[in-house]
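Text of query_11.cif, listed as mmCIF, C-alpha atoms:
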```cif
data_target
#
loop_
_atom_site.group_PDB
_atom_site.id
_atom_site.type_symbol
_atom_site.label_atom_id
_atom_site.label_comp_id
_atom_site.auth_asym_id
_atom_site.auth_seq_id
_atom_site.Cartn_x
_atom_site.Cartn_y
_atom_site.Cartn_z
ATOM 1 C CA MET A 2 -47.911 25.460 160.517
ATOM 2 C CA LYS A 3 -46.856 22.741 162.956
ATOM 3 C CA ALA A 4 -50.475 22.342 164.056
ATOM 4 C CA LEU A 5 -51.607 22.008 160.428
ATOM 5 C CA ARG A 6 -48.952 19.369 159.812
ATOM 6 C CA ALA A 7 -50.112 17.488 162.930
ATOM 7 C CA VAL A 8 -53.749 17.572 161.769
ATOM 8 C CA LEU A 9 -52.714 16.370 158.284
ATOM 9 C CA ALA A 10 -50.713 13.562 159.906
ATOM 10 C CA VAL A 11 -53.812 12.504 161.880
ATOM 11 C CA LEU A 12 -55.961 12.576 158.729
ATOM 12 C CA SER A 13 -53.336 10.559 156.846
ATOM 13 C CA ASP A 14 -53.250 8.094 159.741
ATOM 14 C CA LEU A 15 -57.047 7.780 159.584
ATOM 15 C CA VAL A 16 -57.190 7.154 155.832
ATOM 16 C CA ILE A 17 -53.921 5.373 155.053
ATOM 17 C CA GLY A 18 -52.660 4.160 158.431
ATOM 18 C CA ASP A 19 -49.798 1.689 158.711
ATOM 19 C CA ASP A 20 -50.583 -0.282 155.549
ATOM 20 C CA TRP A 21 -51.707 1.569 152.409
ATOM 21 C CA ARG A 22 -52.700 -1.755 150.796
ATOM 22 C CA ILE A 23 -55.732 -1.917 153.102
ATOM 23 C CA THR A 24 -57.048 1.355 151.656
ATOM 24 C CA ALA A 25 -56.258 0.302 148.077
ATOM 25 C CA GLY A 26 -57.877 -3.113 148.640
ATOM 26 C CA ILE A 27 -61.063 -1.602 150.064
ATOM 27 C CA ILE A 28 -61.414 0.807 147.126
ATOM 28 C CA ALA A 29 -61.027 -2.132 144.711
ATOM 29 C CA VAL A 30 -63.499 -4.313 146.642
ATOM 30 C CA LEU A 31 -66.155 -1.600 146.816
ATOM 31 C CA GLY A 32 -65.740 -0.965 143.093
ATOM 32 C CA LEU A 33 -66.105 -4.665 142.281
ATOM 33 C CA THR A 34 -69.093 -4.943 144.626
ATOM 34 C CA ALA A 35 -70.793 -2.023 142.858
ATOM 35 C CA VAL A 36 -70.170 -3.665 139.432
ATOM 36 C CA LEU A 37 -71.661 -6.996 140.599
ATOM 37 C CA ALA A 38 -74.687 -5.276 142.150
ATOM 38 C CA HIS A 39 -75.160 -3.110 139.055
ATOM 39 C CA HIS A 40 -75.419 -6.256 136.921
ATOM 40 C CA GLY A 41 -78.000 -7.761 139.266
ATOM 41 C CA LEU A 42 -75.602 -10.373 140.661
ATOM 42 C CA PRO A 43 -75.543 -11.211 144.371
ATOM 43 C CA ALA A 44 -72.708 -9.196 145.910
ATOM 44 C CA TRP A 45 -73.339 -9.440 149.681
ATOM 45 C CA TRP A 46 -70.711 -12.144 150.159
ATOM 46 C CA LEU A 47 -67.844 -10.128 148.646
ATOM 47 C CA PRO A 48 -67.163 -7.303 151.177
ATOM 48 C CA PRO A 49 -66.994 -9.538 154.309
ATOM 49 C CA LEU A 50 -64.871 -12.133 152.503
ATOM 50 C CA ALA A 51 -62.528 -9.462 151.140
ATOM 51 C CA VAL A 52 -62.199 -7.742 154.527
ATOM 52 C CA VAL A 53 -61.175 -11.017 156.186
ATOM 53 C CA ALA A 54 -58.718 -11.690 153.329
ATOM 54 C CA LEU A 55 -57.249 -8.162 153.606
ATOM 55 C CA LEU A 56 -56.854 -8.554 157.360
ATOM 56 C CA ALA A 57 -55.181 -11.938 156.927
ATOM 57 C CA GLY A 58 -52.858 -10.507 154.271
ATOM 58 C CA THR A 59 -51.761 -7.521 156.334
ATOM 59 C CA VAL A 60 -51.304 -9.570 159.550
ATOM 60 C CA TRP A 61 -49.245 -12.159 157.665
ATOM 61 C CA ALA A 62 -47.129 -9.425 156.069
ATOM 62 C CA ALA A 63 -46.430 -7.980 159.528
ATOM 63 C CA ARG A 64 -45.606 -11.453 160.826
ATOM 64 C CA ARG A 65 -43.183 -11.980 157.958
ATOM 65 C CA ARG A 66 -41.559 -8.606 158.630
ATOM 66 C CA ALA A 67 -41.178 -9.581 162.301
ATOM 67 C CA GLY A 68 -39.076 -12.486 161.063
ATOM 68 C CA SER A 69 -41.292 -15.229 162.417
ATOM 69 C CA VAL A 70 -41.886 -16.784 158.991
ATOM 70 C CA PRO A 71 -38.904 -17.988 157.011
ATOM 71 C CA MET B 5 -80.145 -4.745 170.543
ATOM 72 C CA GLY B 6 -81.100 -2.710 167.477
ATOM 73 C CA ALA B 7 -78.850 -0.795 165.107
ATOM 74 C CA GLY B 8 -79.295 2.325 167.280
ATOM 75 C CA GLY B 9 -78.105 0.423 170.346
ATOM 76 C CA PHE B 10 -75.044 -0.886 168.514
ATOM 77 C CA LEU B 11 -74.370 2.629 167.245
ATOM 78 C CA VAL B 12 -74.307 4.118 170.757
ATOM 79 C CA LEU B 13 -72.319 1.166 172.152
ATOM 80 C CA SER B 14 -69.701 1.333 169.382
ATOM 81 C CA VAL B 15 -69.250 5.092 169.703
ATOM 82 C CA PHE B 16 -69.150 4.799 173.508
ATOM 83 C CA LEU B 17 -66.436 2.093 173.494
ATOM 84 C CA ALA B 18 -64.344 3.835 170.817
ATOM 85 C CA CYS B 19 -64.555 7.158 172.638
ATOM 86 C CA CYS B 20 -63.673 5.476 175.968
ATOM 87 C CA VAL B 21 -60.410 4.238 174.443
ATOM 88 C CA GLU B 22 -59.526 7.648 172.982
ATOM 89 C CA SER B 23 -60.516 9.454 176.207
ATOM 90 C CA VAL B 24 -58.341 7.171 178.349
ATOM 91 C CA GLU B 25 -55.341 7.980 176.134
ATOM 92 C CA ALA B 26 -55.932 11.754 176.294
ATOM 93 C CA LEU B 27 -56.582 11.604 180.046
ATOM 94 C CA THR B 28 -53.196 9.969 180.682
ATOM 95 C CA VAL B 29 -51.395 12.970 179.154
ATOM 96 C CA ILE B 30 -53.594 15.512 181.007
ATOM 97 C CA LEU B 31 -52.949 13.732 184.317
ATOM 98 C CA ALA B 32 -49.196 13.481 183.717
ATOM 99 C CA THR B 33 -48.861 17.176 182.845
ATOM 100 C CA GLY B 34 -51.249 18.176 185.654
ATOM 101 C CA VAL B 35 -49.359 16.244 188.331
ATOM 102 C CA THR B 36 -45.890 17.416 187.245
ATOM 103 C CA ARG B 37 -46.477 20.914 185.873
ATOM 104 C CA GLY B 38 -49.674 22.084 187.559
ATOM 105 C CA TRP B 39 -53.362 21.633 186.823
ATOM 106 C CA ARG B 40 -54.156 25.141 185.583
ATOM 107 C CA ALA B 41 -52.226 25.024 182.311
ATOM 108 C CA SER B 42 -53.058 21.348 181.765
ATOM 109 C CA LEU B 43 -56.810 21.936 182.115
ATOM 110 C CA TRP B 44 -56.706 25.131 180.023
ATOM 111 C CA GLY B 45 -54.956 23.163 177.281
ATOM 112 C CA ALA B 46 -57.649 20.481 177.383
ATOM 113 C CA ALA B 47 -60.418 23.106 177.407
ATOM 114 C CA GLY B 48 -58.860 24.906 174.425
ATOM 115 C CA ALA B 49 -58.741 21.681 172.429
ATOM 116 C CA VAL B 50 -62.363 20.882 173.319
ATOM 117 C CA ALA B 51 -63.356 24.354 172.049
ATOM 118 C CA VAL B 52 -61.553 23.733 168.725
ATOM 119 C CA LEU B 53 -63.228 20.313 168.434
ATOM 120 C CA ALA B 54 -66.636 21.885 169.122
ATOM 121 C CA VAL B 55 -66.066 24.319 166.232
ATOM 122 C CA ILE B 56 -65.079 21.422 163.933
ATOM 123 C CA VAL B 57 -68.266 19.511 164.868
ATOM 124 C CA ALA B 58 -70.402 22.645 164.424
ATOM 125 C CA VAL B 59 -68.974 23.177 160.924
ATOM 126 C CA MET B 60 -68.669 19.570 159.745
ATOM 127 C CA GLY B 61 -71.897 18.200 161.268
ATOM 128 C CA PRO B 62 -74.397 20.220 159.189
ATOM 129 C CA ALA B 63 -72.161 19.905 156.096
ATOM 130 C CA VAL B 64 -72.120 16.106 156.363
ATOM 131 C CA THR B 65 -75.893 15.847 156.735
ATOM 132 C CA ARG B 66 -76.411 17.825 153.468
ATOM 133 C CA VAL B 67 -74.632 15.155 151.380
ATOM 134 C CA PRO B 68 -77.082 12.698 149.695
ATOM 135 C CA LEU B 69 -77.351 9.547 151.855
ATOM 136 C CA ASP B 70 -76.144 7.078 149.178
ATOM 137 C CA TRP B 71 -72.969 9.057 148.478
ATOM 138 C CA LEU B 72 -72.475 9.728 152.153
ATOM 139 C CA ARG B 73 -72.706 6.031 152.999
ATOM 140 C CA LEU B 74 -70.287 5.084 150.228
ATOM 141 C CA LEU B 75 -67.717 7.730 151.135
ATOM 142 C CA VAL B 76 -68.089 7.724 154.900
ATOM 143 C CA GLY B 77 -68.791 3.965 155.096
ATOM 144 C CA GLY B 78 -65.641 3.369 153.040
ATOM 145 C CA LEU B 79 -63.611 5.685 155.291
ATOM 146 C CA LEU B 80 -65.019 3.978 158.369
ATOM 147 C CA LEU B 81 -64.108 0.588 156.893
ATOM 148 C CA VAL B 82 -60.518 1.729 156.248
ATOM 149 C CA PHE B 83 -60.269 3.250 159.732
ATOM 150 C CA GLY B 84 -61.855 0.193 161.389
ATOM 151 C CA LEU B 85 -59.680 -2.292 159.532
ATOM 152 C CA GLN B 86 -56.503 -0.353 160.407
ATOM 153 C CA TRP B 87 -57.634 -0.374 164.053
ATOM 154 C CA LEU B 88 -58.456 -4.107 163.892
ATOM 155 C CA ARG B 89 -55.076 -4.811 162.261
ATOM 156 C CA LYS B 90 -53.245 -3.228 165.204
ATOM 157 C CA ALA B 91 -55.472 -5.025 167.721
ATOM 158 C CA THR B 92 -54.928 -8.376 165.988
ATOM 159 C CA LEU B 93 -51.155 -7.824 165.900
ATOM 160 C CA ARG B 94 -51.224 -6.987 169.623
ATOM 161 C CA ALA B 95 -53.298 -10.095 170.385
ATOM 162 C CA ALA B 96 -50.855 -12.174 168.314
ATOM 163 C CA GLY B 97 -47.905 -10.739 170.234
ATOM 164 C CA LEU B 98 -46.473 -9.112 167.104
ATOM 165 C CA LYS B 99 -46.957 -5.591 168.487
ATOM 166 C CA ALA B 100 -46.365 -4.405 172.042
ATOM 167 C CA LEU B 101 -49.537 -4.133 174.116
ATOM 168 C CA HIS B 102 -50.720 -0.617 174.891
ATOM 169 C CA ASP B 103 -49.706 0.042 178.501
ATOM 170 C CA GLU B 104 -51.280 3.178 179.960
ATOM 171 C CA ALA B 105 -49.067 3.039 183.086
ATOM 172 C CA ALA B 106 -45.913 2.989 180.936
ATOM 173 C CA VAL B 107 -47.214 5.886 178.804
ATOM 174 C CA TYR B 108 -47.961 7.824 182.017
ATOM 175 C CA ASP B 109 -44.451 7.193 183.394
ATOM 176 C CA ARG B 110 -42.882 8.342 180.112
ATOM 177 C CA GLN B 111 -44.983 11.523 180.108
ATOM 178 C CA ILE B 112 -44.056 12.252 183.748
ATOM 179 C CA ALA B 113 -40.351 11.805 182.978
ATOM 180 C CA ALA B 114 -40.576 14.025 179.882
ATOM 181 C CA ALA B 115 -42.487 16.736 181.754
ATOM 182 C CA ASN B 116 -39.945 16.730 184.600
ATOM 183 C CA ALA B 117 -37.045 16.802 182.161
ATOM 184 C CA ALA B 118 -38.539 19.711 180.184
ATOM 185 C CA GLY B 119 -37.733 22.152 183.004
ATOM 186 C CA GLY B 120 -38.438 25.877 182.645
ATOM 187 C CA LYS B 121 -41.587 25.739 184.763
ATOM 188 C CA PRO B 122 -42.753 29.356 185.183
ATOM 189 C CA THR B 123 -43.388 30.664 188.684
ATOM 190 C CA SER B 124 -46.260 32.811 187.424
ATOM 191 C CA GLY B 125 -48.492 32.825 184.356
ATOM 192 C CA LEU B 126 -49.478 29.863 182.206
ATOM 193 C CA ASP B 127 -47.022 26.982 181.743
ATOM 194 C CA ARG B 128 -46.724 26.769 177.948
ATOM 195 C CA TYR B 129 -45.284 23.251 178.002
ATOM 196 C CA ALA B 130 -48.219 21.817 179.980
ATOM 197 C CA PHE B 131 -50.757 23.793 177.957
ATOM 198 C CA THR B 132 -49.339 22.682 174.594
ATOM 199 C CA LEU B 133 -48.946 19.019 175.557
ATOM 200 C CA SER B 134 -52.452 18.813 176.995
ATOM 201 C CA PHE B 135 -53.953 20.747 174.063
ATOM 202 C CA LYS B 136 -52.234 18.512 171.503
ATOM 203 C CA ALA B 137 -53.221 15.257 173.209
ATOM 204 C CA VAL B 138 -56.890 16.212 173.520
ATOM 205 C CA LEU B 139 -57.042 17.649 169.990
ATOM 206 C CA LEU B 140 -55.456 14.607 168.312
ATOM 207 C CA GLU B 141 -57.415 11.990 170.272
ATOM 208 C CA GLY B 142 -60.521 14.183 169.994
ATOM 209 C CA LEU B 143 -60.256 14.341 166.208
ATOM 210 C CA GLU B 144 -60.663 10.572 166.141
ATOM 211 C CA VAL B 145 -63.687 10.864 168.451
ATOM 212 C CA VAL B 146 -65.185 13.522 166.149
ATOM 213 C CA PHE B 147 -64.542 11.313 163.109
ATOM 214 C CA ILE B 148 -66.266 8.341 164.749
ATOM 215 C CA VAL B 149 -69.254 10.379 165.994
ATOM 216 C CA LEU B 150 -69.790 12.098 162.629
ATOM 217 C CA THR B 151 -69.393 8.947 160.506
ATOM 218 C CA PHE B 152 -71.607 6.788 162.716
ATOM 219 C CA GLY B 153 -74.156 9.538 163.290
ATOM 220 C CA ALA B 154 -74.381 10.585 159.630
ATOM 221 C CA ASN B 155 -74.742 6.993 158.389
ATOM 222 C CA GLN B 156 -77.413 6.149 160.943
ATOM 223 C CA GLY B 157 -79.125 9.490 160.331
ATOM 224 C CA SER B 158 -78.692 10.611 163.938
ATOM 225 C CA ILE B 159 -75.592 12.596 164.865
ATOM 226 C CA PRO B 160 -77.166 13.524 168.259
ATOM 227 C CA LEU B 161 -77.581 9.797 169.099
ATOM 228 C CA ALA B 162 -73.922 9.141 168.265
ATOM 229 C CA ALA B 163 -72.919 12.244 170.230
ATOM 230 C CA VAL B 164 -74.690 10.831 173.305
ATOM 231 C CA GLY B 165 -72.393 7.786 173.199
ATOM 232 C CA GLY B 166 -69.306 9.968 172.715
ATOM 233 C CA ILE B 167 -70.158 12.492 175.433
ATOM 234 C CA ALA B 168 -71.079 9.714 177.903
ATOM 235 C CA ALA B 169 -67.660 8.117 177.356
ATOM 236 C CA VAL B 170 -65.751 11.386 177.786
ATOM 237 C CA VAL B 171 -67.693 12.303 180.958
ATOM 238 C CA LEU B 172 -67.315 8.813 182.473
ATOM 239 C CA VAL B 173 -63.578 8.558 181.749
ATOM 240 C CA SER B 174 -62.913 12.140 182.932
ATOM 241 C CA ALA B 175 -64.823 11.561 186.187
ATOM 242 C CA ALA B 176 -63.029 8.260 186.829
ATOM 243 C CA GLY B 177 -59.628 9.758 185.978
ATOM 244 C CA PHE B 178 -59.977 12.775 188.216
ATOM 245 C CA ALA B 179 -61.426 10.654 191.033
ATOM 246 C CA VAL B 180 -58.382 8.367 191.155
ATOM 247 C CA ARG B 181 -55.845 10.990 189.921
ATOM 248 C CA ALA B 182 -53.959 8.198 188.151
ATOM 249 C CA PRO B 183 -54.014 6.603 184.709
ATOM 250 C CA LEU B 184 -56.931 4.221 184.221
ATOM 251 C CA THR B 185 -54.825 1.075 184.043
ATOM 252 C CA ARG B 186 -57.771 -1.127 185.044
ATOM 253 C CA VAL B 187 -59.610 -0.306 181.819
ATOM 254 C CA PRO B 188 -59.014 -3.370 179.614
ATOM 255 C CA GLU B 189 -57.790 -1.102 176.833
ATOM 256 C CA ASN B 190 -56.355 -3.772 174.526
ATOM 257 C CA THR B 191 -59.536 -5.865 174.655
ATOM 258 C CA LEU B 192 -61.618 -2.713 174.099
ATOM 259 C CA LYS B 193 -59.483 -1.779 171.087
ATOM 260 C CA PHE B 194 -60.063 -5.271 169.655
ATOM 261 C CA LEU B 195 -63.837 -5.033 170.184
ATOM 262 C CA VAL B 196 -64.013 -1.517 168.740
ATOM 263 C CA GLY B 197 -61.947 -2.581 165.713
ATOM 264 C CA VAL B 198 -64.416 -5.403 165.045
ATOM 265 C CA MET B 199 -67.438 -3.109 165.403
ATOM 266 C CA LEU B 200 -66.025 -0.268 163.286
ATOM 267 C CA THR B 201 -65.094 -2.748 160.550
ATOM 268 C CA ALA B 202 -68.504 -4.444 160.645
ATOM 269 C CA PHE B 203 -70.370 -1.125 160.442
ATOM 270 C CA GLY B 204 -68.039 0.004 157.645
ATOM 271 C CA VAL B 205 -68.687 -3.200 155.644
ATOM 272 C CA PHE B 206 -72.447 -2.884 156.188
ATOM 273 C CA TRP B 207 -72.819 0.770 155.198
ATOM 274 C CA SER B 208 -70.313 0.889 152.351
ATOM 275 C CA GLY B 209 -71.690 -2.405 150.980
ATOM 276 C CA GLU B 210 -75.241 -1.060 151.130
ATOM 277 C CA ALA B 211 -74.149 2.099 149.302
ATOM 278 C CA ALA B 212 -72.397 -0.012 146.642
ATOM 279 C CA GLY B 213 -75.708 -1.762 145.930
ATOM 280 C CA VAL B 214 -75.609 -4.804 148.245
ATOM 281 C CA ASN B 215 -78.931 -6.163 149.501
ATOM 282 C CA TRP B 216 -77.929 -7.655 152.844
ATOM 283 C CA PRO B 217 -79.720 -10.920 153.689
ATOM 284 C CA GLY B 218 -81.723 -10.283 156.855
ATOM 285 C CA ALA B 219 -81.481 -6.491 156.399
ATOM 286 C CA ASP B 220 -80.183 -4.867 159.633
ATOM 287 C CA GLY B 221 -79.781 -8.333 161.173
ATOM 288 C CA ALA B 222 -76.809 -8.872 158.845
ATOM 289 C CA LEU B 223 -74.862 -6.472 161.062
ATOM 290 C CA LEU B 224 -74.846 -9.034 163.892
ATOM 291 C CA ALA B 225 -73.584 -11.725 161.528
ATOM 292 C CA LEU B 226 -70.862 -9.371 160.247
ATOM 293 C CA ILE B 227 -69.716 -8.594 163.817
ATOM 294 C CA ALA B 228 -69.570 -12.329 164.592
ATOM 295 C CA VAL B 229 -67.765 -13.322 161.375
ATOM 296 C CA ILE B 230 -65.200 -10.497 161.511
ATOM 297 C CA GLY B 231 -64.624 -10.966 165.259
ATOM 298 C CA LEU B 232 -64.086 -14.718 164.979
ATOM 299 C CA ALA B 233 -61.864 -14.298 161.922
ATOM 300 C CA ALA B 234 -59.678 -11.721 163.733
ATOM 301 C CA LEU B 235 -59.387 -13.927 166.826
ATOM 302 C CA GLY B 236 -58.556 -16.933 164.660
ATOM 303 C CA LEU B 237 -55.906 -14.905 162.825
ATOM 304 C CA ALA B 238 -54.395 -13.713 166.107
ATOM 305 C CA ARG B 239 -54.144 -17.299 167.340
ATOM 306 C CA ALA B 240 -52.754 -18.574 164.040
ATOM 307 C CA ALA B 241 -50.110 -15.847 163.875
ATOM 308 C CA ARG B 242 -49.036 -16.254 167.502
ATOM 309 C CA PRO B 243 -47.128 -19.570 167.771
ATOM 310 C CA ALA B 244 -44.189 -18.565 165.570
ATOM 311 C CA LEU B 245 -43.160 -15.513 167.579
ATOM 312 C CA ALA B 246 -39.728 -14.134 166.838
ATOM 313 C CA ASP B 247 -39.492 -12.428 170.204
ATOM 314 C CA PRO B 248 -41.390 -14.121 173.054
ATOM 315 C CA ALA B 249 -40.868 -10.979 175.168
ATOM 316 C CA LEU B 250 -43.418 -9.221 172.971
ATOM 317 C CA ALA B 251 -46.101 -11.782 173.791
ATOM 318 C CA GLY B 252 -49.074 -10.354 175.603
ATOM 319 C CA PRO B 253 -51.444 -12.030 178.016
ATOM 320 C CA ALA B 254 -53.690 -14.903 177.011
ATOM 321 C CA LEU B 255 -56.036 -14.097 174.158
ATOM 322 C CA PRO B 256 -59.642 -13.402 175.075
ATOM 323 C CA ASP B 257 -61.983 -16.301 174.637
ATOM 324 C CA PRO B 258 -63.911 -15.850 171.328
ATOM 325 C CA ALA B 259 -67.195 -16.567 173.101
ATOM 326 C CA GLU B 260 -66.461 -13.832 175.658
ATOM 327 C CA VAL B 261 -65.611 -11.299 172.974
ATOM 328 C CA ILE B 262 -68.576 -11.953 170.722
ATOM 329 C CA ARG B 263 -71.160 -12.302 173.517
#
```

Rewrite the coordinates I just gave you, this time as structure tokens.
Amino acid sequence: MKALRAVLAVLSDLVIGDDWRITAGIIAVLGLTAVLAHHGLPAWWLPPLAVVALLAGTVWAARRRAGSVP
Amino acid sequence: MGAGGFLVLSVFLACCVESVEALTVILATGVTRGWRASLWGAAGAVAVLAVIVAVMGPAVTRVPLDWLRLLVGGLLLVFGLQWLRKATLRAAGLKALHDEAAVYDRQIAAANAAGGKPTSGLDRYAFTLSFKAVLLEGLEVVFIVLTFGANQGSIPLAAVGGIAAVVLVSAAGFAVRAPLTRVPENTLKFLVGVMLTAFGVFWSGEAAGVNWPGADGALLALIAVIGLAALGLARAARPALADPALAGPALPDPAEVIR
């Protein structure tokens, strides 16, 4: 039972990690990308831009939590 | 370097990092509690991981490629971005740097404090600790090998990178009988985070219907853009540190990292 819990914790760490908003953001971005591509619109720019924005958001949130931003 | 080369390199670097972490625990338990139980624990975990690969590998390759790339590419993107987040926070000084020597010292102290070392038979403490470390770090290795291999259509190619890393790190670790503190683990974690994220963006985007400009060449551009953005973020977040004691060494030069 303990081993199962440990494996589930690892899987949760892989998928959700320290910030669940990253996972939620990626699901939303991939959905939006699929909608754009489905309508024949150029979508290649969206995933890289969104990934950089998500990274910036999560780093800034951690920085704020560390108390370095008023 | 083609996509296959980047695949092997990414898996190799990621597996090096995970292997170094598992090796530290094996060495600490081996030195303090005896090598027999420590090595049996590691071998037991490797056997469990082999069963997982044997079951999951063929199952993964049966999933249609488009769905596989969307699901596994998305998972890889989440995993890579979480990894890159930690690496960026470390580079910014907002998270303590990973120090293999400190981890080793803590493991040694814990193993000595555990007591109850049997005079005969297998030491359960050493076996369990070693087994757990290899299994947990190994699960990440298995995840990386299967996701990279399945997306690129070559699990054996990805496995070559993973096995080479495990063999190299094990040989180096047992040659020096000490934690591999000279491995630039924090820089490696940063590089691996960038590569996992770039591959995740490329494959999940492709599965979502993106036509990448330059086809496979877009992967290089993604690595460069994501790497530079992460380095820029680390630098931008660094000056306003709340606790200067957390600050790590100088950030790697962007040109050195991307080269």

Quiz prompt | Residue list for chain A near chain B as JSON, numbers by chain, 9 Å, only C-alpha atoms | solution = {"A": [4, 7, 8, 11, 12, 14, 15, 16, 17, 18, 19, 20, 23, 24, 27, 28, 31, 32, 33, 34, 35, 36, 37, 38, 39, 43, 44, 45, 46, 47, 48, 49, 52, 53, 55, 56, 57, 59, 60, 61, 63, 64, 67, 68, 69, 70]}

Quiz item: Near B:Phe16, within 6 Å and counting only C-alpha atoms, which residues show up once chain neighbours fewer than 6 positions away are dropped, as a PyMOL selection string?
Solution: chain B and resi 165-166+169

Quiz item: What residues come out when you apply the PyMOL selection byres ((chain B and resi 191) around 10) to this file, written as a VMD selection string?
Solution: chain B and resid 91 94 to 95 187 to 190 192 to 197 255 to 256 261

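Here atom CA of B:Ala26 stands at a distance of 5.3 Å from atom CA of B:Val138.
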
Practice problem: State, in Å with one decimal place, the distance from atom CA of B:Ile167 to atom CA of B:Leu11. | Solution: 13.5 Å

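Going from atom CA of B:Ala18 to atom CA of B:Val57 covers 17.2 Å.
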
Practice problem: Run the PyMOL selection byres ((chain B and resi 111) around 12) against the file shown and list the residues it catches, as a ChimeraX atom specification. | Solution: /B:25-37,104-110,112-118,129-130,133-134,137,183
